[in-house]
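K.L.:
One structure follows; several queries about it will come next.
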Amino acid sequence: MESEVEKVLAESGFELVDLKLASHNGKPLLQIFVDKAPGGVTLDECGTASEKVGECLDANNYYEDGYFLEVSSPGIDRVIKKEKDFKRFTGQNVKVRLKLPVNGAKVFYGALTGFENGELALSGGLKFKLADIEEARLHPADEDILRGKSH
């Protein structure tokens with residue numbers, strides 16, 4: 001399903017950032033986070049993306065008994081999951097949460113200095129394999145947030 005949703009969104013100029021499946025009142029809840037370069041996505045564009053995804057889900061009969069769909073921007077602390085995103089956001093501050101602790105810690109902050117061979121590098125010489133990461137997100141500085149500069 002994710003590949004079909006990603007394709008439908010790409011055809012309309014959107015990037016699928018993340019897709020989460022949960023439950024709400026006993027029905028599937030699909031949360032989709034989209035972006036659009038340059039400058040991000042507007043509320044109206046989220047509505048358009050929602051229509052496109054809904055059409056795709058309905059046409060493929062993914063949820064015959066109904067579903068809830070939420071489409072939104074990834075926010076200033078957007079999740080980073082794909083190799084192309086790690087490369088795109090090199091130089092940005094990030095928060096990395098690991099699946100298992102390393103040196104007694106599961107959460108690390110730093111500047112993303114690179115991504116190579118399935119491994120991301122943070123300032124201070126830290127390196128983590130993508131398979132060991134629970135979640136990585138942009139972590140803009142407060143002054144960047146106040147200036148409206150997120151990425």
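Here's how to read the names in the structure tokens: chain A, B, ... by the order shown, residue numbers from 1 in each chain, ligand numbers from 1 in the order shown.
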I'd like the contact shell of region 29-39 of chain A - 7 Å cut-off, only C-alpha atoms, skipping same-chain residues fewer than 2 positions apart - returned as number ranges by chain.
P.N.:
A: 13-24, 27, 41, 67-74
K.L.:
Could you produce a table of the residues of region 124-145 of chain A lying within 12 Å of region 86-89 of chain A, with the nearest pair of atoms per residue and their separation in Å rounded to one decimal, using only C-alpha atoms, ordered by chain and increasing residue number, as JSON lines?
P.N.:
```
{"residue": "A:Leu130", "atom": "CA", "partner": "A:Phe86", "partner_atom": "CA", "distance": 10.3}
{"residue": "A:Ala136", "atom": "CA", "partner": "A:Phe86", "partner_atom": "CA", "distance": 9.3}
{"residue": "A:Arg137", "atom": "CA", "partner": "A:Phe86", "partner_atom": "CA", "distance": 9.9}
{"residue": "A:Leu138", "atom": "CA", "partner": "A:Phe89", "partner_atom": "CA", "distance": 8.2}
{"residue": "A:His139", "atom": "CA", "partner": "A:Phe89", "partner_atom": "CA", "distance": 10.9}
{"residue": "A:Pro140", "atom": "CA", "partner": "A:Phe89", "partner_atom": "CA", "distance": 11.3}
```
K.L.:
For a test of reading the model, state the distance in Å between CA of Asn25 (chain A) and CA of Asp65 (chain A), rounded to one decimal.
P.N.:
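Separation between CA of Asn25 (chain A) and CA of Asp65 (chain A): 12.4 Å.
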K.L.:
Based on the backbone DSSP call, show me all residues of region 97-140 of chain A assigned strand (DSSP E or B), as an MDAnalysis selection string.
P.N.:
chainID A and resid 97:102 105:116 119:122 126:129 133:138
K.L.:
A:Leu100, A:Cys56, A:Val94, A:Leu120: which is nearest Leu9 (chain A), counting only C-alpha atoms?
P.N.:
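Of A:Leu100, A:Cys56, A:Val94, A:Leu120, the one nearest Leu9 (chain A), counting only C-alpha atoms, is A:Cys56.
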K.L.:
According to DSSP computed on the backbone, where in region 10-148 of chain A is there alpha helix (DSSP H)? Give the residues as an mmCIF file with C-alpha atoms, in the first residue's frame.
P.N.:
```cif
data_model
loop_
_atom_site.group_PDB
_atom_site.id
_atom_site.type_symbol
_atom_site.label_atom_id
_atom_site.label_comp_id
_atom_site.auth_asym_id
_atom_site.auth_seq_id
_atom_site.Cartn_x
_atom_site.Cartn_y
_atom_site.Cartn_z
ATOM 1 C CA ALA A 10 4.526 11.868 -6.440
ATOM 2 C CA GLU A 11 2.307 12.190 -9.524
ATOM 3 C CA LEU A 43 -3.300 23.479 4.131
ATOM 4 C CA ASP A 44 -5.038 23.470 0.738
ATOM 5 C CA GLU A 45 -2.313 21.200 -0.649
ATOM 6 C CA CYS A 46 -2.823 18.801 2.265
ATOM 7 C CA GLY A 47 -6.494 18.691 1.234
ATOM 8 C CA THR A 48 -5.521 17.870 -2.338
ATOM 9 C CA ALA A 49 -3.130 15.156 -1.152
ATOM 10 C CA SER A 50 -5.876 13.730 1.067
ATOM 11 C CA GLU A 51 -8.250 13.487 -1.908
ATOM 12 C CA LYS A 52 -5.597 11.718 -4.017
ATOM 13 C CA VAL A 53 -4.759 9.232 -1.263
ATOM 14 C CA GLY A 54 -8.440 8.590 -0.499
ATOM 15 C CA GLU A 55 -9.110 7.835 -4.164
ATOM 16 C CA CYS A 56 -6.167 5.425 -4.205
ATOM 17 C CA LEU A 57 -7.288 3.625 -1.036
ATOM 18 C CA ASP A 58 -10.876 3.356 -2.282
ATOM 19 C CA ALA A 59 -9.916 2.199 -5.785
ATOM 20 C CA GLU A 83 18.866 7.789 2.491
ATOM 21 C CA LYS A 84 18.062 10.731 0.220
ATOM 22 C CA ASP A 85 16.697 12.660 3.224
ATOM 23 C CA PHE A 86 19.798 12.030 5.324
ATOM 24 C CA LYS A 87 21.888 13.367 2.460
ATOM 25 C CA ARG A 88 19.521 16.310 1.860
ATOM 26 C CA ASP A 142 15.245 27.765 18.886
ATOM 27 C CA GLU A 143 16.596 30.782 16.997
ATOM 28 C CA ASP A 144 15.995 29.023 13.677
ATOM 29 C CA ILE A 145 12.411 28.285 14.699
ATOM 30 C CA LEU A 146 11.834 31.930 15.625
#
```
K.L.:
Applying 12 Å and only C-alpha atoms, which residues near Val102 (chain A) remain after dropping the ones on its own chain fewer than 2 positions away? List them as JSON, numbers by chain.
P.N.:
{"A": [96, 97, 98, 99, 100, 104, 105, 106, 107, 108, 126, 127, 128, 129, 132, 133]}
K.L.:
Distance CA of Thr42 (chain A)-CA of Tyr109 (chain A), one decimal place?
P.N.:
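Computing it gives 29.0 Å between the two atoms.
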K.L.:
What does the distance from CA of Met1 (chain A) to CA of Ala131 (chain A) come to in Å, to one decimal?
P.N.:
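These two atoms are separated by 22.0 Å.
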